[in-house]
file input_4.txt (compact mmCIF, C-alpha atoms)
# COMPACT_ATOMS: atom_id res chain seq x y z
CA MET A 18 -14.97 1.80 20.89
CA ARG A 19 -11.59 1.91 22.62
CA ALA A 20 -9.23 -0.97 22.04
CA GLY A 21 -8.39 -3.12 25.03
CA ARG A 22 -5.13 -2.86 26.93
CA GLN A 23 -3.74 -6.20 25.77
CA LEU A 24 -2.92 -6.97 22.16
CA LYS A 25 -2.37 -10.50 20.94
CA ILE A 26 -0.29 -10.60 17.77
CA LYS A 27 -0.23 -13.63 15.49
CA TYR A 28 2.16 -13.65 12.56
CA TYR A 29 2.57 -16.03 9.66
CA VAL A 30 6.00 -16.22 8.04
CA GLU A 31 6.36 -17.33 4.43
CA PRO A 32 9.67 -18.19 2.74
CA ASP A 33 9.43 -15.81 -0.21
CA PRO A 34 7.19 -13.17 -1.87
CA ALA A 35 5.31 -15.72 -3.97
CA ALA A 36 4.33 -17.75 -0.90
CA LEU A 37 3.45 -14.49 0.87
CA ALA A 38 1.01 -13.57 -1.91
CA ARG A 39 -0.60 -17.02 -1.75
CA ARG A 40 -1.06 -16.77 2.00
CA ALA A 41 -2.57 -13.28 1.64
CA ALA A 42 -4.98 -14.40 -1.08
CA GLN A 43 -6.05 -17.31 1.10
CA TYR A 44 -6.58 -14.97 4.06
CA PHE A 45 -8.75 -12.61 2.02
CA VAL A 46 -10.92 -15.51 0.90
CA GLU A 47 -11.22 -17.03 4.39
CA MET A 48 -12.15 -13.73 6.07
CA ALA A 49 -14.63 -12.87 3.30
CA GLY A 50 -16.25 -16.28 3.62
CA GLU A 51 -16.65 -15.90 7.38
CA ALA A 52 -18.28 -12.49 7.00
CA VAL A 53 -20.70 -13.68 4.33
CA ALA A 54 -21.63 -16.72 6.40
CA GLY A 55 -22.34 -14.45 9.35
CA ARG A 56 -24.37 -11.65 7.78
CA GLY A 57 -24.55 -12.15 4.04
CA ARG A 58 -22.05 -9.46 2.95
CA VAL A 59 -18.39 -8.58 3.37
CA ARG A 60 -16.84 -5.11 3.50
CA ILE A 61 -13.09 -4.94 2.96
CA ALA A 62 -10.76 -1.91 3.00
CA ILE A 63 -7.51 -2.38 1.11
CA SER A 64 -4.17 -0.62 0.81
CA GLY A 65 -1.94 0.02 -2.19
CA GLY A 66 1.63 -1.00 -2.92
CA SER A 67 3.52 -3.77 -4.66
CA THR A 68 3.06 -6.34 -1.87
CA PRO A 69 -0.76 -6.51 -1.99
CA LYS A 70 -0.68 -6.24 -5.79
CA ALA A 71 0.65 -9.79 -6.08
CA ALA A 72 -2.18 -11.07 -3.86
CA PHE A 73 -4.77 -9.18 -5.92
CA GLU A 74 -3.41 -10.75 -9.09
CA LEU A 75 -3.86 -14.21 -7.59
CA LEU A 76 -7.43 -13.39 -6.56
CA ALA A 77 -8.16 -12.32 -10.14
CA ASP A 78 -6.45 -15.28 -11.84
CA PRO A 79 -9.02 -17.75 -13.26
CA ASP A 80 -6.42 -20.51 -13.01
CA GLN A 81 -6.17 -20.09 -9.24
CA PRO A 82 -8.67 -21.47 -6.70
CA TRP A 83 -9.09 -18.20 -4.83
CA ARG A 84 -10.78 -16.54 -7.80
CA TRP A 85 -13.65 -19.04 -7.59
CA ARG A 86 -13.90 -19.09 -3.80
CA MET A 87 -14.18 -15.32 -3.31
CA PRO A 88 -17.81 -14.23 -2.78
CA TRP A 89 -17.66 -11.42 -5.36
CA GLU A 90 -21.40 -10.79 -5.45
CA GLN A 91 -21.50 -10.10 -1.69
CA LEU A 92 -18.35 -7.93 -1.56
CA ASP A 93 -18.09 -4.17 -1.02
CA LEU A 94 -14.56 -2.89 -1.61
CA TYR A 95 -13.17 0.26 0.02
CA TRP A 96 -9.75 1.90 0.24
CA VAL A 97 -7.66 2.64 3.34
CA ASP A 98 -5.88 5.60 1.75
CA GLU A 99 -5.15 7.32 -1.51
CA ARG A 100 -2.72 9.74 -3.09
CA ILE A 101 -3.92 13.09 -4.42
CA VAL A 102 -3.78 12.04 -8.06
CA PRO A 103 -6.38 11.16 -10.72
CA PRO A 104 -7.58 7.53 -10.86
CA ASP A 105 -5.54 6.84 -14.01
CA HIS A 106 -2.28 8.17 -12.53
CA PRO A 107 0.60 5.66 -12.13
CA GLU A 108 0.76 6.42 -8.38
CA SER A 109 -2.96 5.91 -7.77
CA ASN A 110 -3.83 3.10 -5.37
CA TYR A 111 -7.12 2.74 -7.21
CA ARG A 112 -5.37 2.31 -10.57
CA MET A 113 -3.11 -0.41 -9.19
CA THR A 114 -6.13 -2.28 -7.83
CA ARG A 115 -8.12 -1.81 -11.02
CA GLU A 116 -5.34 -3.21 -13.19
CA ALA A 117 -4.45 -6.09 -10.85
CA LEU A 118 -7.95 -7.06 -9.76
CA LEU A 119 -11.02 -5.05 -10.69
CA ASP A 120 -10.76 -5.38 -14.47
CA GLN A 121 -10.77 -9.18 -14.13
CA VAL A 122 -13.45 -9.91 -11.52
CA PRO A 123 -17.27 -9.62 -11.47
CA LEU A 124 -17.70 -6.56 -9.26
CA ARG A 125 -20.42 -4.07 -10.17
CA PRO A 126 -19.62 -0.32 -10.05
CA GLU A 127 -21.79 0.14 -6.97
CA GLN A 128 -19.65 -2.40 -5.09
CA ILE A 129 -16.49 -0.34 -5.62
CA HIS A 130 -16.08 2.62 -3.26
CA ARG A 131 -12.98 4.52 -4.33
CA MET A 132 -11.42 7.62 -2.80
CA GLU A 133 -11.51 10.54 -5.25
CA GLY A 134 -7.85 11.50 -5.33
CA GLU A 135 -8.43 13.92 -8.21
CA LEU A 136 -10.21 16.32 -5.84
CA ALA A 137 -8.74 18.80 -3.37
CA PRO A 138 -7.63 16.86 -0.26
CA GLU A 139 -10.18 18.21 2.23
CA ILE A 140 -13.02 17.81 -0.27
CA ALA A 141 -11.97 14.26 -1.12
CA ALA A 142 -11.79 13.34 2.57
CA ALA A 143 -15.22 14.85 3.29
CA ARG A 144 -16.78 13.08 0.32
CA TYR A 145 -15.34 9.73 1.36
CA GLU A 146 -16.60 10.20 4.90
CA SER A 147 -20.05 10.84 3.41
CA GLU A 148 -19.68 7.70 1.30
CA LEU A 149 -18.92 5.67 4.42
CA ARG A 150 -21.84 7.16 6.33
CA ASN A 151 -24.23 6.46 3.48
CA SER A 152 -23.07 2.98 2.54
CA PHE A 153 -22.82 1.80 6.16
CA HIS A 154 -26.05 3.61 7.15
CA LEU A 155 -24.31 5.34 10.04
CA GLU A 156 -26.00 7.64 12.49
CA GLY A 157 -24.45 10.33 14.68
CA ALA A 158 -21.03 9.35 15.98
CA GLU A 159 -21.21 5.75 14.75
CA SER A 160 -18.11 4.34 13.08
CA PRO A 161 -18.11 1.89 10.18
CA ARG A 162 -17.19 -1.67 11.06
CA PHE A 163 -15.24 -3.20 8.22
CA ASP A 164 -15.05 -6.97 8.18
CA LEU A 165 -11.41 -6.77 7.16
CA VAL A 166 -8.83 -3.99 6.85
CA ALA A 167 -5.61 -4.81 5.00
CA LEU A 168 -2.60 -2.64 5.84
CA GLY A 169 1.01 -2.27 4.83
CA MET A 170 3.89 -0.64 6.67
CA GLY A 171 6.58 1.73 5.41
CA GLU A 172 10.27 1.76 6.28
CA ASP A 173 9.52 4.74 8.55
CA GLY A 174 6.86 2.87 10.52
CA HIS A 175 3.88 4.54 8.87
CA THR A 176 0.71 2.69 7.92
CA ALA A 177 -2.28 3.76 5.83
CA SER A 178 -1.31 7.42 5.25
CA LEU A 179 -0.60 7.99 8.93
CA PHE A 180 2.96 9.28 8.67
CA PRO A 181 5.31 10.12 11.56
CA HIS A 182 4.79 13.55 13.12
CA THR A 183 1.78 14.45 10.97
CA GLN A 184 -1.60 15.81 11.99
CA ALA A 185 -3.58 12.69 11.08
CA ILE A 186 -2.00 10.83 13.99
CA HIS A 187 -4.01 13.04 16.35
CA GLU A 188 -7.33 12.90 14.46
CA MET A 189 -9.89 10.92 16.43
CA SER A 190 -13.24 12.54 15.63
CA ARG A 191 -13.38 12.06 11.87
CA LEU A 192 -13.70 8.88 9.84
CA VAL A 193 -11.49 10.10 6.99
CA THR A 194 -8.95 12.90 6.99
CA ALA A 195 -6.67 14.74 4.59
CA ASN A 196 -3.08 14.52 5.79
CA GLN A 197 -0.24 16.77 4.72
CA VAL A 198 3.06 14.91 4.54
CA PRO A 199 5.81 17.57 4.44
CA ARG A 200 8.73 15.22 3.93
CA LYS A 201 7.07 13.89 0.79
CA ASP A 202 5.79 17.36 -0.19
CA THR A 203 2.32 15.94 -0.74
CA TRP A 204 -1.12 15.32 0.69
CA ARG A 205 -2.87 12.00 1.27
CA ILE A 206 -6.40 10.92 2.14
CA THR A 207 -6.67 8.26 4.82
CA LEU A 208 -9.01 6.41 7.14
CA THR A 209 -8.30 7.50 10.69
CA TRP A 210 -6.81 5.01 13.11
CA PRO A 211 -9.94 4.70 15.30
CA VAL A 212 -11.87 3.58 12.21
CA ILE A 213 -9.21 1.00 11.36
CA ASN A 214 -9.19 -0.29 14.93
CA HIS A 215 -12.97 -0.66 14.93
CA ALA A 216 -12.83 -3.30 12.17
CA SER A 217 -13.71 -6.90 12.94
CA SER A 218 -10.29 -8.01 11.66
CA VAL A 219 -7.10 -6.11 10.81
CA PHE A 220 -3.98 -7.52 9.22
CA PHE A 221 -0.63 -6.26 7.99
CA LEU A 222 0.99 -7.59 4.82
CA ILE A 223 4.73 -6.84 4.96
CA ALA A 224 7.67 -7.98 2.86
CA GLY A 225 11.36 -7.19 2.54
CA VAL A 226 14.51 -7.07 4.63
CA ASP A 227 14.24 -3.27 4.72
CA LYS A 228 11.19 -3.65 7.00
CA ALA A 229 12.75 -6.06 9.51
CA ALA A 230 14.25 -3.56 11.98
CA ILE A 231 11.30 -1.18 12.02
CA LEU A 232 8.83 -4.06 12.34
CA LYS A 233 10.65 -5.38 15.40
CA GLU A 234 10.60 -1.89 16.93
CA VAL A 235 6.89 -1.42 16.20
CA LEU A 236 5.96 -4.76 17.76
CA THR A 237 8.39 -5.05 20.66
CA GLY A 238 9.91 -1.61 21.29
CA PRO A 239 8.74 1.26 23.52
CA ARG A 240 5.39 2.76 22.58
CA ASP A 241 5.97 5.90 20.53
CA PRO A 242 3.19 6.25 17.92
CA GLU A 243 4.19 9.83 17.09
CA ARG A 244 7.36 8.38 15.56
CA LEU A 245 5.96 4.91 14.75
CA PRO A 246 2.33 5.37 13.66
CA SER A 247 1.88 1.64 13.04
CA GLN A 248 1.74 1.29 16.82
CA LEU A 249 -1.63 3.08 16.71
CA ILE A 250 -3.12 -0.07 15.16
CA TRP A 251 -4.52 -1.80 18.19
CA PRO A 252 -7.80 -3.45 17.12
CA ALA A 253 -10.72 -3.36 19.53
CA SER A 254 -10.89 -7.15 19.18
CA GLY A 255 -7.49 -7.35 20.89
CA ILE A 256 -6.12 -9.43 18.02
CA LEU A 257 -3.77 -8.33 15.24
CA THR A 258 -2.61 -10.58 12.38
CA LEU A 259 0.53 -10.14 10.30
CA ILE A 260 1.48 -11.97 7.12
CA LEU A 261 5.23 -11.63 6.55
CA ASP A 262 7.94 -12.96 4.35
CA LYS A 263 11.04 -14.46 5.91
CA ALA A 264 13.10 -11.33 5.31
CA ALA A 265 10.65 -8.98 7.07
CA ALA A 266 10.32 -11.39 10.01
CA ALA A 267 14.05 -11.95 10.42
CA LEU A 268 14.32 -10.15 13.79
CA LEU A 269 11.14 -11.51 15.37
CA PRO A 270 10.96 -14.55 17.68
CA ALA A 271 11.06 -17.91 15.93
CA THR A 272 7.84 -19.41 14.64
CA ASP A 273 6.39 -22.81 15.47
CA GLY A 274 6.42 -25.83 13.18
CA GLU A 275 3.54 -24.41 11.14
CA GLY A 276 5.21 -21.08 10.47
CA CYS A 277 3.24 -19.12 13.08
CA GLY A 278 4.62 -16.81 15.73
CA PHE A 279 2.96 -15.11 18.67
CA LEU A 280 3.55 -11.93 20.67
CA GLU A 281 1.61 -10.03 23.29
CA ARG A 282 1.74 -6.33 24.15
CA GLU A 283 0.36 -4.27 27.00
CA ARG A 284 -0.37 -0.58 26.75
call {"tool": "encode", "arguments": {"input": "input_4.txt", "output": "structure tokens"}}
result
Amino acid sequence: MRAGRQLKIKYYVEPDPAALARRAAQYFVEMAGEAVAGRGRVRIAISGGSTPKAAFELLADPDQPWRWRMPWEQLDLYWVDERIVPPDHPESNYRMTREALLDQVPLRPEQIHRMEGELAPEIAAARYESELRNSFHLEGAESPRFDLVALGMGEDGHTASLFPHTQAIHEMSRLVTANQVPRKDTWRITLTWPVINHASSVFFLIAGVDKAAILKEVLTGPRDPERLPSQLIWPASGILTLILDKAAAALLPATDGEGCGFLERER
């Protein structure tokens, strides 16, 4: 499904990282609840990094309300991308999630669909595509429809493992691809952007003053996804949500009295 020409962007701005994590945890719970109410299950694809880690820790905390509101029994958890490292490696997105969340919550092994970063990149990508096809019961050219995809954004404008001027930016036929990132001298495994855009809901979680300038350019500047891959995220629903801290949102238009801001883009 191709995304529409108009994109409506709604962004929430929180005063600090702690408030950002609370807002993100709340959003995960709300979106999961809506999906379960609609069809009895929720499928979420998550990203790594320090910003989502704080939200995961809140979701896992038995002293916080989100732990008890999350429909764990109806959840299937997937990953947006992964580094080519074993699952116990310090740089593994899976390891971060396991330590912050999975070890503390009642998810069964069959509910956890990790990318196998310990394998060769092309093999890992092919195996994860097979995992998606099997778990979503896809046929032919069908694409999985996640209920929620959580993304971050790098200082260079990348998201998932779609880095500037890399081959994955141009991949439209596969669900998952291995992407060589020369400037980091590494490979990554990543969902392709058409799969991300096919999700029912997509949101960015972004923090830090170092993201402010690039975020403004991604949202309001000329369209140049080769240099700014985050601009490829244009959900088919026509709606994109961002959860930001005050520092990351510093160069965006002012929010309303409830801390919400709105933008629109045309292709």
call {"tool": "residues_around", "arguments": {"input": "input_4.txt", "residues": "range 191-203 of chain A", "least_positions_apart": "4", "cutoff": "10 Å", "atoms": "all atoms listed in the file", "output": "ChimeraX atom specification"}}
result
/A:97-101,137-147,149-150,158-161,178-186,207-213
call {"tool": "atom_distance", "arguments": {"input": "input_4.txt", "atom1": "CA of Ala77 in chain A", "atom2": "CA of Glu90 in chain A"}}
result
14.1 Å
call {"tool": "residues_near_point", "arguments": {"input": "input_4.txt", "point": "(-6.3, -4.2, 10.0)", "cutoff": "7 Å", "atoms": "all atoms listed in the file", "output": "PyMOL selection string"}}
result
chain A and resi 165-168+213-214+216+218-221
call {"tool": "write_last_selection", "arguments": {"input": "input_4.txt", "atoms": "C-alpha atoms", "output": "PDB file, keeping the file's coordinate frame"}}
result
ATOM      1  CA  LEU A 165     -11.410  -6.770   7.160  1.00  0.00           C
ATOM      2  CA  VAL A 166      -8.830  -3.990   6.850  1.00  0.00           C
ATOM      3  CA  ALA A 167      -5.610  -4.810   5.000  1.00  0.00           C
ATOM      4  CA  LEU A 168      -2.600  -2.640   5.840  1.00  0.00           C
ATOM      5  CA  ILE A 213      -9.210   1.000  11.360  1.00  0.00           C
ATOM      6  CA  ASN A 214      -9.190  -0.290  14.930  1.00  0.00           C
ATOM      7  CA  ALA A 216     -12.830  -3.300  12.170  1.00  0.00           C
ATOM      8  CA  SER A 218     -10.290  -8.010  11.660  1.00  0.00           C
ATOM      9  CA  VAL A 219      -7.100  -6.110  10.810  1.00  0.00           C
ATOM     10  CA  PHE A 220      -3.980  -7.520   9.220  1.00  0.00           C
ATOM     11  CA  PHE A 221      -0.630  -6.260   7.990  1.00  0.00           C
TER      12      PHE A 221
END
call {"tool": "closest_residue", "arguments": {"input": "input_4.txt", "among": "A:Asp93, A:His215, A:Asp173, A:Glu135", "to": "Glu243 in chain A", "atoms": "all atoms listed in the file"}}
result
A:Asp173
call {"tool": "residues_around", "arguments": {"input": "input_4.txt", "residues": "Leu76 in chain A", "least_positions_apart": "2", "cutoff": "9 Å", "atoms": "only C-alpha atoms", "output": "list in words"}}
result
Ala42, Gln43, Phe45, Val46, Ala71, Ala72, Phe73, Glu74, Asp78, Pro79, Gln81, Pro82, Trp83, Arg84, Trp85, Met87, Ala117, Leu118 and Val122 of chain A
call {"tool": "atom_distance", "arguments": {"input": "input_4.txt", "atom1": "CA of Gly169 in chain A", "atom2": "CA of Lys233 in chain A"}}
result
14.6 Å
call {"tool": "atom_distance", "arguments": {"input": "input_4.txt", "atom1": "CA of Ala265 in chain A", "atom2": "CA of Ile223 in chain A"}}
result
6.6 Å
call {"tool": "closest_residue", "arguments": {"input": "input_4.txt", "among": "A:Val30, A:Leu124, A:Val59, A:Val226", "to": "Leu261 in chain A", "atoms": "all atoms listed in the file"}}
result
A:Val30
call {"tool": "decode", "arguments": {"input": "input_4.txt", "residues": "range 143-201 of chain A", "atoms": "C-alpha atoms", "output": "compact mmCIF listing (two decimals), in the first residue's frame"}}
result
# COMPACT_ATOMS: atom_id res chain seq x y z
CA ALA A 143 16.14 -13.89 5.16
CA ARG A 144 15.32 -15.79 8.34
CA TYR A 145 13.54 -12.80 9.85
CA GLU A 146 11.54 -12.30 6.69
CA SER A 147 10.49 -15.96 6.97
CA GLU A 148 9.58 -15.38 10.61
CA LEU A 149 7.34 -12.48 9.61
CA ARG A 150 5.69 -14.46 6.82
CA ASN A 151 5.02 -17.38 9.12
CA SER A 152 3.86 -15.50 12.20
CA PHE A 153 1.64 -13.10 10.21
CA HIS A 154 0.43 -15.90 7.88
CA LEU A 155 1.36 -13.88 4.81
CA GLU A 156 0.77 -14.98 1.26
CA GLY A 157 2.52 -13.83 -1.90
CA ALA A 158 3.40 -10.15 -1.82
CA GLU A 159 1.47 -9.40 1.37
CA SER A 160 3.17 -7.19 3.94
CA PRO A 161 2.83 -7.57 7.70
CA ARG A 162 0.66 -4.98 9.40
CA PHE A 163 2.10 -4.17 12.80
CA ASP A 164 -0.25 -2.50 15.24
CA LEU A 165 2.56 -0.23 16.38
CA VAL A 166 6.11 0.50 15.19
CA ALA A 167 8.35 2.46 17.55
CA LEU A 168 11.26 4.31 15.94
CA GLY A 169 14.15 6.50 16.95
CA MET A 170 16.18 8.95 14.90
CA GLY A 171 19.94 9.47 14.72
CA GLU A 172 21.84 12.75 14.52
CA ASP A 173 22.35 12.02 10.80
CA GLY A 174 18.63 11.65 10.13
CA HIS A 175 18.62 7.86 9.95
CA THR A 176 15.88 5.70 11.42
CA ALA A 177 15.67 1.94 11.94
CA SER A 178 18.92 0.92 10.19
CA LEU A 179 18.12 2.99 7.12
CA PHE A 180 21.26 5.11 6.98
CA PRO A 181 21.98 7.96 4.55
CA HIS A 182 23.24 6.89 1.13
CA THR A 183 22.93 3.15 1.80
CA GLN A 184 21.30 0.46 -0.29
CA ALA A 185 18.44 -0.25 2.12
CA ILE A 186 16.91 3.13 1.28
CA HIS A 187 16.10 1.77 -2.18
CA GLU A 188 14.80 -1.65 -1.10
CA MET A 189 11.07 -1.90 -1.69
CA SER A 190 10.42 -5.55 -2.54
CA ARG A 191 11.67 -7.25 0.61
CA LEU A 192 10.28 -7.16 4.13
CA VAL A 193 13.69 -7.28 5.83
CA THR A 194 17.08 -6.45 4.39
CA ALA A 195 20.74 -6.57 5.36
CA ASN A 196 22.27 -3.11 5.06
CA GLN A 197 25.96 -2.33 4.83
CA VAL A 198 26.83 0.92 6.59
CA PRO A 199 30.31 1.92 5.34
CA ARG A 200 30.78 4.92 7.61
CA LYS A 201 30.26 2.68 10.62
